[in-house]
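**Q** Just protein.txt, nothing more (compact mmCIF, C-alpha atoms (C1' of nucleotides)):
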```txt
# COMPACT_ATOMS: atom_id res chain seq x y z
CA MET A 8 108.30 108.98 115.73
CA VAL A 9 105.59 108.47 113.17
CA LYS A 10 106.43 111.27 110.79
CA CYS A 11 109.73 110.79 109.08
CA ASN A 12 109.20 113.50 106.51
CA ASP A 13 112.66 113.78 105.12
CA VAL A 14 111.76 115.42 101.84
CA ASP A 15 115.34 115.73 100.67
CA LEU A 16 115.91 112.02 101.07
CA ASP A 17 112.65 111.36 99.25
CA ARG A 18 113.82 113.44 96.32
CA THR A 19 117.28 111.94 96.27
CA PHE A 20 116.09 108.34 96.28
CA ALA A 21 113.33 109.12 93.78
CA ALA A 22 115.82 110.80 91.46
CA LEU A 23 118.05 107.73 91.62
CA ALA A 24 115.17 105.35 90.91
CA ASP A 25 115.31 105.85 87.14
CA PRO A 26 117.88 104.23 84.85
CA THR A 27 118.04 107.20 82.49
CA ARG A 28 118.80 109.55 85.35
CA ARG A 29 121.41 107.21 86.78
CA ALA A 30 123.00 107.05 83.34
CA LEU A 31 123.02 110.85 83.16
CA LEU A 32 124.73 110.99 86.52
CA ALA A 33 127.22 108.35 85.42
CA ARG A 34 128.10 110.46 82.40
CA LEU A 35 128.62 113.49 84.61
CA GLY A 36 130.74 111.37 86.89
CA ARG A 37 133.01 110.58 83.97
CA GLU A 38 132.98 113.91 82.19
CA ASP A 39 132.69 116.71 84.74
CA SER A 40 130.89 119.25 82.56
CA VAL A 41 128.53 118.33 79.74
CA SER A 42 126.00 120.38 77.80
CA VAL A 43 122.31 119.47 77.79
CA SER A 44 122.29 118.34 74.16
CA GLU A 45 125.46 116.31 74.60
CA LEU A 46 123.84 114.66 77.62
CA ALA A 47 120.69 113.92 75.65
CA GLU A 48 122.36 112.60 72.53
CA PRO A 49 122.94 108.93 73.55
CA PHE A 50 119.35 108.38 74.64
CA PRO A 51 116.52 107.20 72.43
CA VAL A 52 114.09 109.76 73.87
CA SER A 53 113.31 113.35 72.99
CA LEU A 54 115.14 116.35 74.33
CA PRO A 55 112.15 117.53 76.42
CA ALA A 56 112.10 114.12 78.08
CA ILE A 57 115.74 114.57 79.03
CA MET A 58 114.93 118.08 80.22
CA LYS A 59 112.41 116.62 82.64
CA HIS A 60 115.00 114.19 83.95
CA LEU A 61 117.48 117.03 84.37
CA ASN A 62 114.85 119.01 86.27
CA VAL A 63 114.28 116.08 88.60
CA LEU A 64 118.03 115.85 89.17
CA SER A 65 118.27 119.60 89.74
CA ASP A 66 115.38 119.55 92.21
CA ALA A 67 117.16 116.80 94.10
CA GLY A 68 120.28 118.94 94.06
CA LEU A 69 122.21 116.25 92.21
CA ILE A 70 123.27 118.45 89.31
CA LEU A 71 124.11 122.10 88.79
CA ARG A 72 123.48 124.01 85.58
CA GLN A 73 125.32 127.01 84.30
CA LYS A 74 124.32 128.91 81.20
CA THR A 75 127.07 130.24 78.97
CA GLY A 76 125.89 131.86 75.79
CA ARG A 77 123.20 129.62 74.46
CA THR A 78 124.54 126.39 75.88
CA VAL A 79 123.92 125.08 79.37
CA SER A 80 126.59 122.98 80.96
CA CYS A 81 125.68 120.51 83.68
CA ARG A 82 127.92 119.19 86.37
CA LEU A 83 127.50 116.60 89.05
CA ASN A 84 126.75 117.59 92.62
CA ALA A 85 127.01 114.37 94.57
CA ALA A 86 126.53 115.89 98.02
CA PRO A 87 122.91 114.71 98.44
CA MET A 88 124.07 111.18 97.78
CA ALA A 89 126.00 111.36 101.03
CA ASP A 90 122.73 111.56 102.96
CA ALA A 91 121.32 108.60 101.04
CA MET A 92 124.52 106.72 101.75
CA GLU A 93 124.32 107.58 105.42
CA TRP A 94 120.75 106.34 105.61
CA LEU A 95 121.75 103.06 104.00
CA HIS A 96 124.75 102.81 106.26
CA HIS A 97 122.45 102.20 109.23
CA TYR A 98 121.37 98.94 107.62
CA GLU A 99 124.79 97.75 106.67
CA ARG A 100 124.96 95.33 109.57
CA PHE A 101 121.89 93.53 108.19
CA TRP A 102 123.54 92.50 104.99
CA SER A 103 127.07 92.04 106.20
CA THR A 104 127.80 88.37 106.52
CA ARG A 105 128.74 86.92 109.84
CA LEU A 106 132.37 86.87 108.74
CA ASP A 107 132.25 90.53 107.77
CA ARG A 108 130.78 91.37 111.14
CA LEU A 109 133.42 89.33 112.86
CA ALA A 110 136.09 91.22 110.94
CA ASP A 111 134.39 94.45 111.89
CA LEU A 112 134.40 93.46 115.52
CA VAL A 113 138.05 92.54 115.36
CA GLU A 114 138.90 95.86 113.73
CA ASN A 115 136.87 98.04 116.04
CA GLU A 116 137.42 96.22 119.28
CA PRO A 117 140.96 94.96 119.38
CA SER A 118 142.11 92.75 122.28
CA MET B 28 126.21 101.95 76.90
CA VAL B 29 122.90 103.67 76.48
CA LYS B 30 120.66 101.13 78.15
CA CYS B 31 121.30 100.85 81.85
CA ASN B 32 118.20 98.81 82.60
CA ASP B 33 118.94 97.76 86.13
CA VAL B 34 115.38 97.02 87.17
CA ASP B 35 116.34 95.79 90.62
CA LEU B 36 118.13 99.02 91.40
CA ASP B 37 115.12 100.95 90.09
CA ARG B 38 112.85 99.09 92.47
CA THR B 39 115.18 99.42 95.42
CA PHE B 40 115.65 103.16 95.07
CA ALA B 41 111.95 103.67 94.33
CA ALA B 42 111.01 101.69 97.42
CA LEU B 43 113.32 103.84 99.53
CA ALA B 44 111.91 107.08 98.11
CA ASP B 45 108.92 107.17 100.45
CA PRO B 46 109.07 108.23 104.11
CA THR B 47 106.41 105.76 105.21
CA ARG B 48 108.31 102.89 103.66
CA ARG B 49 111.59 104.05 105.18
CA ALA B 50 109.86 104.23 108.56
CA LEU B 51 108.56 100.70 108.09
CA LEU B 52 112.06 99.51 107.33
CA ALA B 53 113.40 101.39 110.33
CA ARG B 54 110.91 99.61 112.54
CA LEU B 55 111.95 96.26 111.11
CA GLY B 56 115.54 97.24 111.69
CA ARG B 57 114.79 97.71 115.36
CA GLU B 58 112.38 94.87 115.94
CA ASP B 59 113.32 91.95 113.72
CA SER B 60 109.84 90.47 113.28
CA VAL B 61 106.66 92.51 113.32
CA SER B 62 103.11 91.68 112.26
CA VAL B 63 101.35 93.65 109.54
CA SER B 64 98.88 95.28 111.92
CA GLU B 65 101.61 96.14 114.41
CA LEU B 66 103.55 97.72 111.56
CA ALA B 67 100.51 99.68 110.44
CA GLU B 68 99.42 100.88 113.87
CA PRO B 69 101.65 104.00 114.24
CA PHE B 70 100.67 105.46 110.88
CA PRO B 71 97.75 107.77 110.23
CA VAL B 72 96.74 105.90 107.07
CA SER B 73 94.53 102.91 106.46
CA LEU B 74 95.66 99.31 106.59
CA PRO B 75 95.27 98.81 102.82
CA ALA B 76 97.58 101.78 102.27
CA ILE B 77 100.18 100.09 104.43
CA MET B 78 99.57 96.86 102.53
CA LYS B 79 100.51 98.63 99.32
CA HIS B 80 103.70 99.92 100.89
CA LEU B 81 104.51 96.42 102.11
CA ASN B 82 103.90 95.09 98.61
CA VAL B 83 106.32 97.65 97.18
CA LEU B 84 108.89 96.62 99.77
CA SER B 85 108.30 92.93 99.01
CA ASP B 86 108.62 93.51 95.27
CA ALA B 87 111.93 95.23 95.91
CA GLY B 88 112.94 92.26 98.02
CA LEU B 89 113.41 94.47 101.07
CA ILE B 90 111.08 92.54 103.34
CA LEU B 91 110.00 88.93 103.75
CA ARG B 92 106.59 87.83 104.96
CA GLN B 93 105.67 84.66 106.74
CA LYS B 94 102.14 83.65 107.62
CA THR B 95 101.55 81.92 110.91
CA GLY B 96 97.93 81.24 111.72
CA ARG B 97 96.11 84.41 110.79
CA THR B 98 98.96 86.79 111.42
CA VAL B 99 101.72 87.66 108.97
CA SER B 100 105.08 88.55 110.37
CA CYS B 101 107.43 90.72 108.36
CA ARG B 102 111.16 90.83 108.62
CA LEU B 103 113.80 92.99 107.03
CA ASN B 104 115.83 91.73 104.11
CA ALA B 105 118.49 94.36 103.60
CA ALA B 106 120.40 92.56 100.85
CA PRO B 107 119.09 94.74 97.99
CA MET B 108 120.36 97.79 99.84
CA ALA B 109 123.87 96.51 99.31
CA ASP B 110 123.50 97.03 95.56
CA ALA B 111 122.17 100.54 96.10
CA MET B 112 125.07 101.21 98.43
CA GLU B 113 127.51 99.87 95.89
CA TRP B 114 126.08 102.13 93.19
CA LEU B 115 126.43 105.14 95.48
CA HIS B 116 129.89 104.07 96.44
CA HIS B 117 131.11 104.91 92.93
CA TYR B 118 130.29 108.55 93.61
CA GLU B 119 131.83 108.72 97.02
CA ARG B 120 134.92 110.46 95.72
CA PHE B 121 132.76 113.34 94.52
CA TRP B 122 131.72 114.27 98.01
CA SER B 123 134.50 112.93 100.14
CA THR B 124 137.01 115.26 98.51
CA ARG B 125 134.72 118.22 98.82
CA LEU B 126 137.35 120.48 100.28
CA ASP B 127 139.64 119.73 97.36
CA ARG B 128 136.84 120.49 94.95
CA LEU B 129 136.07 123.73 96.73
CA ALA B 130 139.66 124.75 96.33
CA ASP B 131 139.39 123.76 92.69
CA LEU B 132 136.33 125.95 92.24
CA VAL B 133 138.04 128.91 93.82
CA GLU B 134 140.96 128.46 91.47
CA ASN B 135 138.84 128.13 88.34
CA GLU B 136 136.28 130.83 89.06
CA PRO B 137 138.04 134.10 89.58
CA SER B 138 135.47 136.76 90.38
C1' DC C 27 118.54 141.77 59.27
C1' DG C 28 117.33 136.93 59.17
C1' DT C 29 118.20 132.35 60.29
C1' DA C 30 120.05 128.49 62.57
C1' DC C 31 121.01 126.61 67.01
C1' DA C 32 120.47 125.31 72.08
C1' DC C 33 117.49 125.02 75.15
C1' DT C 34 112.90 125.64 77.39
C1' DT C 35 107.93 125.60 77.99
C1' DA C 36 103.22 124.19 76.87
C1' DA C 37 99.75 120.99 76.02
C1' DC C 38 98.57 116.62 75.91
C1' DC C 39 98.53 111.43 76.63
C1' DT C 40 99.17 107.08 79.24
C1' DT C 41 100.45 104.67 83.16
C1' DA C 42 101.96 104.54 87.98
C1' DT C 43 101.50 105.97 92.82
C1' DG C 44 99.32 106.67 97.13
C1' DG C 45 95.34 107.10 99.19
C1' DT C 46 90.32 105.88 100.26
C1' DT C 47 86.07 102.66 101.48
C1' DA C 48 83.92 98.34 101.08
C1' DA C 49 83.88 93.62 100.51
C1' DG C 50 86.30 89.03 100.74
C1' DT C 51 89.25 85.14 102.82
C1' DG C 52 90.81 82.36 106.18
C1' DT C 53 91.90 81.34 111.12
C1' DA C 54 90.80 81.62 116.17
C1' DA C 55 87.84 81.86 119.93
C1' DT C 56 83.33 81.56 122.24
C1' DA D 23 78.07 77.60 114.44
C1' DT D 24 78.85 82.16 114.91
C1' DT D 25 81.45 85.78 115.58
C1' DA D 26 85.64 88.33 115.85
C1' DC D 27 90.15 89.09 114.12
C1' DA D 28 94.11 89.67 110.76
C1' DC D 29 94.91 90.33 106.60
C1' DT D 30 93.91 90.79 101.56
C1' DT D 31 91.66 92.24 97.36
C1' DA D 32 88.64 95.20 94.57
C1' DA D 33 87.07 99.39 92.89
C1' DC D 34 87.66 103.83 92.73
C1' DC D 35 89.84 108.65 92.92
C1' DA D 36 93.38 112.41 92.52
C1' DT D 37 97.84 113.50 91.51
C1' DA D 38 102.49 112.59 89.79
C1' DA D 39 105.69 110.54 86.43
C1' DG D 40 107.50 109.86 81.93
C1' DG D 41 106.82 110.29 77.41
C1' DT D 42 105.31 112.77 73.03
C1' DT D 43 104.88 116.93 69.48
C1' DA D 44 104.68 121.70 68.76
C1' DA D 45 105.62 126.23 69.85
C1' DG D 46 108.53 129.75 72.35
C1' DT D 47 112.97 132.18 74.04
C1' DG D 48 117.25 133.81 73.55
C1' DT D 49 121.99 133.78 71.59
C1' DA D 50 125.24 133.40 67.68
C1' DC D 51 126.43 133.87 63.04
C1' DG D 52 126.40 134.94 57.89
```
Show how you would write the structure in this file as structure tokens.
**A**
Amino acid sequence: MVKCNDVDLDRTFAALADPTRRALLARLGREDSVSVSELAEPFPVSLPAIMKHLNVLSDAGLILRQKTGRTVSCRLNAAPMADAMEWLHHYERFWSTRLDRLADLVENEPS
Amino acid sequence: MVKCNDVDLDRTFAALADPTRRALLARLGREDSVSVSELAEPFPVSLPAIMKHLNVLSDAGLILRQKTGRTVSCRLNAAPMADAMEWLHHYERFWSTRLDRLADLVENEPS
DNA sequence: CGTACACTTAACCTTATGGTTAAGTGTAAT
DNA sequence: ATTACACTTAACCATAAGGTTAAGTGTACG
């Protein structure tokens, strides 16, 4: 199993690897539907820069855009995060402390 | 809260955004302690390329290296993944209640 | 109509990423 | 001592990422 070419996971993790993009997602987590210019406003960078971030997020499937008149509203689509989460989940036992693991054992294997 | 400069999270997600690096971590998840050349062997790229990947993983704190004689053994350090997991955890409600959201969409988008 | 507004695209720049080959360092074995 | 081995570093290359300014598209409004 040399090739592990999970392009979707690549894109998801890459999209999450930037603080501006995480902040955009956080905003959409709080606000549900926000226009592009409203999204851009708090950041000290230009609108085209934000556009590029939004494109990265779209390509990763993390946001959806819908045009209404001349404004475009963005909303969160967290589904791809579930795959990232699942990948990480496989490593959970490596950071759980011994006590956590003990608790896990007790929970999952009673008696 | 414009600045969300979580450099560690940047590095963790960026490190995870490459299939070769994820495969290296997977190997270390299975094998606990593996030398650099053993790690590199399955991949169709040069050893220096793998070195760069290992450096990225080290910089993200995801692996630890220990030199013994002329061989360097690498082991997984999953701790930084916990922070990534925690970040993702905040969005869990956006995909775990997907059926509810689907119903919501159907309600709010009459065709 | 014309103009302002919301967004997008284009062109460009700088730095980072992922790869290469070749050379260097230090330890082990003959 | 010499040679082989395991890894590292250096130098280079092509492409991608993240930013800029300027120009373009399309919708709304006076």
**Q** Report as a PyMOL selection string all protein, DNA and RNA residues lying within 12 Å of DC35 of chain D, evaluated on only C-alpha atoms (C1' of nucleotides), omitting residues in the same chain fewer than 4 positions from it.
**A** chain C and resi 43-47
**Q** One number please: atom C1' of DC39 of chain C to atom C1' of DT42 of chain D, in Å, one decimal.
**A**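 It comes out at 7.8 Å.
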**Q** Given all atoms listed in the file as the basis, pick out the residue of A:Pro55, A:Arg77, A:Val14, A:Thr27 nearest to chain D.
**A** A:Arg77
**Q** Distance limit 8 Å, atoms considered: all atoms listed in the file. Which chain B residues sit that close to chain D? Return them as a ChimeraX atom specification.
**A** /B:63-64,97-99
**Q** Set the cut-off to 9 Å and count only C-alpha atoms: what are the residues of chain A that reach chain B? Output as a PyMOL selection string.
**A** chain A and resi 8-14+16-27+29-30+33+36+49-51+83-89+91-92+95-103
**Q** Can you measure atom CA of Gly68 of chain A to atom CA of Gly88 of chain B for me? One decimal in Å is fine.
**A** 28.0 Å
**Q** What are the nearest atom pairs, with distances in Å to one decimal, for all residues of chain C that come at most 12 Å from chain A, using only C-alpha atoms (C1' of nucleotides), set out by chain and rising residue number as JSON lines?
**A**
```
{"residue": "C:DC31", "atom": "C1'", "partner": "A:Arg77", "partner_atom": "CA", "distance": 8.3}
{"residue": "C:DA32", "atom": "C1'", "partner": "A:Arg77", "partner_atom": "CA", "distance": 5.6}
{"residue": "C:DC33", "atom": "C1'", "partner": "A:Thr78", "partner_atom": "CA", "distance": 7.2}
{"residue": "C:DT34", "atom": "C1'", "partner": "A:Pro55", "partner_atom": "CA", "distance": 8.2}
{"residue": "C:DT35", "atom": "C1'", "partner": "A:Pro55", "partner_atom": "CA", "distance": 9.2}
{"residue": "C:DA36", "atom": "C1'", "partner": "A:Pro55", "partner_atom": "CA", "distance": 11.1}
```
**Q** If you keep C-alpha atoms (C1' of nucleotides), can you produce a file of those selected residues as a PDB file, keeping the file's coordinate frame?
**A**
```pdb
ATOM      1  C1'  DC C  31     121.010 126.610  67.010  1.00  0.00           C
ATOM      2  C1'  DA C  32     120.470 125.310  72.080  1.00  0.00           C
ATOM      3  C1'  DC C  33     117.490 125.020  75.150  1.00  0.00           C
ATOM      4  C1'  DT C  34     112.900 125.640  77.390  1.00  0.00           C
ATOM      5  C1'  DT C  35     107.930 125.600  77.990  1.00  0.00           C
ATOM      6  C1'  DA C  36     103.220 124.190  76.870  1.00  0.00           C
TER       7       DA C  36
END
```
**Q** Between atom C1' of DA49 of chain C and atom CA of Asn82 of chain B, what is the distance, to one decimal in Å?
**A**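 Distance between the two atoms: 20.2 Å.
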